[in-house]
Amino acid sequence: MVQSIRETERKYEVPSSAGTSWLPGLERVEGVAAVVDRSPEELDAVYYDTDDLRLSGSSVTLRRRTGGADAGWHLKLPLSGDSREEIRSALTDTVPDALLDLTKSRTRGAELTPVVRIRSTREVRHLVDADGTMRAEVCVDTVRAESLRAEGRSAAWNEMEVELAEDADPALLDAVEKKLRKKGIARAHSPSKLARALDETAPATAGAPDESAAPDPAQAGAQVLAYVREQVRALTALDPAVRRNRPDSVHRMRVACRRLRSCLRSYRSVLDRRVTDAIRGELKWLAGELGAERDQEVLMERLSGDIEALPRELLLGPVAARLRVWNVVDSTESHLRSLDALGSPRYLALLDSLAALLERPPLRTGKAGKATAPAGKVMAKAVLKEYGRLAGRMTDALELSPGPERDVALHEARKAAKKVRYATEVARPALGKPAKSLGKRVKAVQKVLGDHQDSVVARGALRDLAVAAQTAGEAGFTWGLLYGTEQARAADRERELPAVWEHASAPEAREKLSR
């Protein structure tokens with residue numbers, strides 16, 4: 001059993017001679033009525049990582065700590081701003097499997113071993129309000145760090161943490177910091193004890209990384225790699241959320257897969273397809289495995305909303321109950337499918353391939369390659385090429401009569417629209433507003449096509465639900481009514497589409513890209 005909490009804190013440098021005598025001044029912070037002394041604590045933590053520090057390189061920490069009120073295993077995952085998610089598990093001799101799984105996207109299956117031991121003598125103060133409720137905890141730590149790696153060293157320092165209590169106003173951290181600055185207490189340079197310990201206990205021979213081969217930021221190669229790195233980071237960060245079935249996590253991870261695939265396709269003139277095509281194939285596989293769960297989420301939200309909107313007199317039979325049972329079965333199966341994918345060697349191999357792509361980018365240079373060319377020209381050409389494919393798909397689809405063949409053609413046009421959008425995302429740093437404007441216009445097309453495709457999928461599910469209801473001797477009226485509603489929606493989207501496409505395909509939207 002694991003417990004998850006949101007931790008919001010800031011760290012500060014504290015001179016060795018500072019002590020804690022100045023802390024009572026925090027009583028004058030707005031919202032703080034008193035500063036309450038707590039018993040000192042002795043904390044002893046061993047931090048685990050891979051040999052090449054893949055966790056700390058992703059701002060993730062995993063430790064086994066004794067002492068204090070929360071002794072046990074702690075996995076900390078980065079969130080936004082000053083916050084992190086801390087996932088706790090009971091104290092055991094080895095890394096709990098539940099936490100081990102949540103590190104997989106960062107470790108890529110590499111062994112976790114002890115890298116640093118950090119012992120802290122902690123002096124604790126609680127900032128409480130007029131009701132005696134703790135609003136923040138102030139800790140001053142005397143830290144001793146010892147490397148557990150070959151030829152590692154030791155280090156010692158003092159630091160302060162100010163951690164916000166649950167449900168406390170984040171503005172309190174700003175108010176406390178204002179007081180601290182007046183005392184000459186500045187923010188810590190390192191984001192965590194582990195980061196500082198790894199830096200200060202590293203072997204004396206460790207050198208700085210070689211950045212001489214970094215591509216010019218103005219070149220296409222640098223900008224494409226920056227986008228790829230951003231999406232790889234998103235994919236790996238979302239893995240723990242998908243494993244724990246967090247809302248919207250599957251959707252966002254699937255989108256990261258699609259963005260990566262699209263980028264590697266659109267910018268083949270920059271990254272060698274002899275390397276990237278295989279990666280694109282594996283990203284397609286992963287998106288497909290995640291797709292069942294995401295499609296079920298979308299479908300359930302759509303159908304349950306439609307049922308709730310119907311007048312009671314039109315709900316004949318156990319419609320809502322049948323939908324819930326259907327969803328439980330299908331969503332459970334689809335989530336297990338996602339977990340099977342994330343637990344497979346194939347997934348870890350994909351993560352290894354993405355890491356290698358970033359470590360040793362297959363940049364295309366020379367006459368045929370465009371990696372060293374100015375980003376603007378390369379990206380404008382790539383975006384326009386994807387737009388040309390979309391225009392062809394739209395022409396083909398709009399010429400067809402309504403029916404299954406046109407449904408398929410519109411779905412293909414939708415996928416082409418996404419590729420244009422993602423190509424414009426990569427190009428925004430180089431092309432600015434013209435890329436953003438075209439992406440916005442194409443997104444409107446994609447939205448219409450997406451709602452149309454959702455209607456196609458919903459009708460298939462409604463038919464299956466109606467057949468099951470009829471077999472069970474239930475009324476099929478409501479299911480037929482919902483089916484008719486979806487048919488009308490699809491017809492509305494098809495009538496709406498030509499005008500939306502006309503706006504998106506206006507020549508000025510593309511001409512600005514090449515100026």
# chains A, B, ... in the order shown; residues from 1 in each chain; ligands from 1

$ residues_around --residues "Ala287 (chain A)" --least-positions-apart "4" --cutoff "9 Å" --atoms "only C-alpha atoms" --output "ChimeraX atom specification"
/A:253-258,282-283,291

$ residues_around --residues "Leu316 (chain A)" --least-positions-apart "6" --cutoff "10 Å" --atoms "only C-alpha atoms" --output "ChimeraX atom specification"
/A:474-479

$ residues_around --residues "region 39-44 of chain A" --least-positions-apart "3" --cutoff "12 Å" --atoms "only C-alpha atoms" --output "count of residues only"
33

$ residues_around --residues "Glu230 (chain A)" --least-positions-apart "2" --cutoff "12 Å" --atoms "only C-alpha atoms" --output "PyMOL selection string"
chain A and resi 223-228+232-237+256-257+259-260+263+354+358+425-426

$ closest_residue --among "A:Val325, A:Ala150, A:Glu511, A:Tyr267" --to "Ala204 (chain A)" --atoms "only C-alpha atoms"
A:Ala150

$ atom_distance --atom1 "CA of Pro498 (chain A)" --atom2 "CA of Ala397 (chain A)"
10.7 Å

$ select_by_dssp --residues "region 190-390 of chain A" --states "alpha helix (DSSP H)" --output "MDAnalysis selection string"
chainID A and resid 193:200 220:243 249:266 273:309 319:342 345:359 375:390

$ residues_around --residues "Ala472 (chain A)" --least-positions-apart "4" --cutoff "12 Å" --atoms "only C-alpha atoms" --output "list in words"
Gly317, Pro318, Arg322, Leu465, Ala466, Val467, Ala468 and Gly476 of chain A

$ write_last_selection --atoms "N, CA and C atoms" --output "PDB file, in the first residue's frame"
ATOM      1  N   GLY A 317     -36.239   1.269 -19.601  1.00  0.00           N
ATOM      2  CA  GLY A 317     -35.364   0.163 -19.252  1.00  0.00           C
ATOM      3  C   GLY A 317     -34.154   0.637 -18.460  1.00  0.00           C
ATOM      4  N   PRO A 318     -33.330  -0.312 -17.984  1.00  0.00           N
ATOM      5  CA  PRO A 318     -32.151   0.018 -17.159  1.00  0.00           C
ATOM      6  C   PRO A 318     -30.985   0.535 -18.015  1.00  0.00           C
ATOM      7  N   ARG A 322     -27.029  -0.450 -17.491  1.00  0.00           N
ATOM      8  CA  ARG A 322     -26.355  -1.242 -18.522  1.00  0.00           C
ATOM      9  C   ARG A 322     -25.097  -0.533 -19.012  1.00  0.00           C
ATOM     10  N   LEU A 465     -24.760  -2.116 -27.660  1.00  0.00           N
ATOM     11  CA  LEU A 465     -25.524  -2.029 -26.424  1.00  0.00           C
ATOM     12  C   LEU A 465     -27.000  -2.357 -26.658  1.00  0.00           C
ATOM     13  N   ALA A 466     -27.545  -1.918 -27.791  1.00  0.00           N
ATOM     14  CA  ALA A 466     -28.944  -2.200 -28.124  1.00  0.00           C
ATOM     15  C   ALA A 466     -29.167  -3.690 -28.334  1.00  0.00           C
ATOM     16  N   VAL A 467     -28.227  -4.338 -29.019  1.00  0.00           N
ATOM     17  CA  VAL A 467     -28.344  -5.783 -29.249  1.00  0.00           C
ATOM     18  C   VAL A 467     -28.299  -6.535 -27.916  1.00  0.00           C
ATOM     19  N   ALA A 468     -27.377  -6.111 -27.014  1.00  0.00           N
ATOM     20  CA  ALA A 468     -27.287  -6.768 -25.703  1.00  0.00           C
ATOM     21  C   ALA A 468     -28.561  -6.560 -24.897  1.00  0.00           C
ATOM     22  N   GLY A 476     -35.443  -1.425 -26.366  1.00  0.00           N
ATOM     23  CA  GLY A 476     -34.353  -0.854 -27.163  1.00  0.00           C
ATOM     24  C   GLY A 476     -34.609   0.574 -27.601  1.00  0.00           C
TER      25      GLY A 476
END

$ closest_residue --among "A:Leu482, A:Leu410, A:Val329, A:Ala504" --to "Lys443 (chain A)" --atoms "only C-alpha atoms"
A:Ala504

$ residues_around --residues "Arg337 (chain A)" --least-positions-apart "4" --cutoff "8 Å" --atoms "only C-alpha atoms" --output "PyMOL selection string"
chain A and resi 289-290+292-293+333+341

$ atom_distance --atom1 "CA of Asp330 (chain A)" --atom2 "CA of Glu486 (chain A)"
21.0 Å

$ closest_residue --among "A:Pro429, A:Asp51, A:His411, A:Val275" --to "Ala222 (chain A)" --atoms "only C-alpha atoms"
A:Pro429

$ atom_distance --atom1 "CA of Leu400 (chain A)" --atom2 "CA of Gly480 (chain A)"
26.4 Å

$ residues_around --residues "Ala110 (chain A)" --least-positions-apart "5" --cutoff "12 Å" --atoms "only C-alpha atoms" --output "ChimeraX atom specification"
/A:48-55,100-101,103-105,348-349,351-352

$ write_last_selection --atoms "N, CA and C atoms" --output "tab-separated table (two decimals), in the first residue's frame"
chain	number	residue	atom	x	y	z
A	48	TYR	N	18.67	6.01	-3.76
A	48	TYR	CA	18.92	4.98	-4.77
A	48	TYR	C	18.81	5.60	-6.16
A	49	ASP	N	19.66	5.10	-7.07
A	49	ASP	CA	19.61	5.55	-8.45
A	49	ASP	C	20.35	4.53	-9.32
A	50	THR	N	20.32	4.73	-10.61
A	50	THR	CA	21.07	3.87	-11.53
A	50	THR	C	22.52	4.33	-11.55
A	51	ASP	N	23.38	3.54	-12.16
A	51	ASP	CA	24.79	3.90	-12.24
A	51	ASP	C	25.00	5.25	-12.93
A	52	ASP	N	24.19	5.51	-13.95
A	52	ASP	CA	24.33	6.78	-14.67
A	52	ASP	C	23.33	7.83	-14.21
A	53	LEU	N	22.76	7.63	-13.03
A	53	LEU	CA	21.92	8.64	-12.35
A	53	LEU	C	20.73	9.08	-13.19
A	54	ARG	N	19.98	8.11	-13.69
A	54	ARG	CA	18.82	8.44	-14.54
A	54	ARG	C	17.68	9.08	-13.76
A	55	LEU	N	17.52	8.71	-12.49
A	55	LEU	CA	16.45	9.32	-11.69
A	55	LEU	C	16.77	10.77	-11.38
A	100	LEU	N	9.05	0.70	-7.47
A	100	LEU	CA	9.95	0.31	-8.56
A	100	LEU	C	9.27	0.49	-9.91
A	101	ASP	N	7.99	0.09	-9.99
A	101	ASP	CA	7.25	0.23	-11.24
A	101	ASP	C	7.15	1.71	-11.65
A	103	THR	N	9.21	4.01	-11.27
A	103	THR	CA	10.48	4.58	-11.75
A	103	THR	C	10.86	4.06	-13.14
A	104	LYS	N	10.12	3.07	-13.65
A	104	LYS	CA	10.56	2.36	-14.86
A	104	LYS	C	10.79	3.27	-16.06
A	105	SER	N	9.93	4.27	-16.26
A	105	SER	CA	10.09	5.11	-17.45
A	105	SER	C	11.37	5.93	-17.38
A	348	LEU	N	10.26	-0.79	-22.76
A	348	LEU	CA	11.57	-0.35	-22.27
A	348	LEU	C	12.56	-0.16	-23.42
A	349	ALA	N	12.46	-1.02	-24.42
A	349	ALA	CA	13.33	-0.88	-25.60
A	349	ALA	C	13.02	0.43	-26.35
A	351	LEU	N	11.87	3.18	-24.94
A	351	LEU	CA	12.45	4.26	-24.13
A	351	LEU	C	13.96	4.35	-24.34
A	352	ASP	N	14.62	3.19	-24.45
A	352	ASP	CA	16.07	3.18	-24.74
A	352	ASP	C	16.35	3.84	-26.09
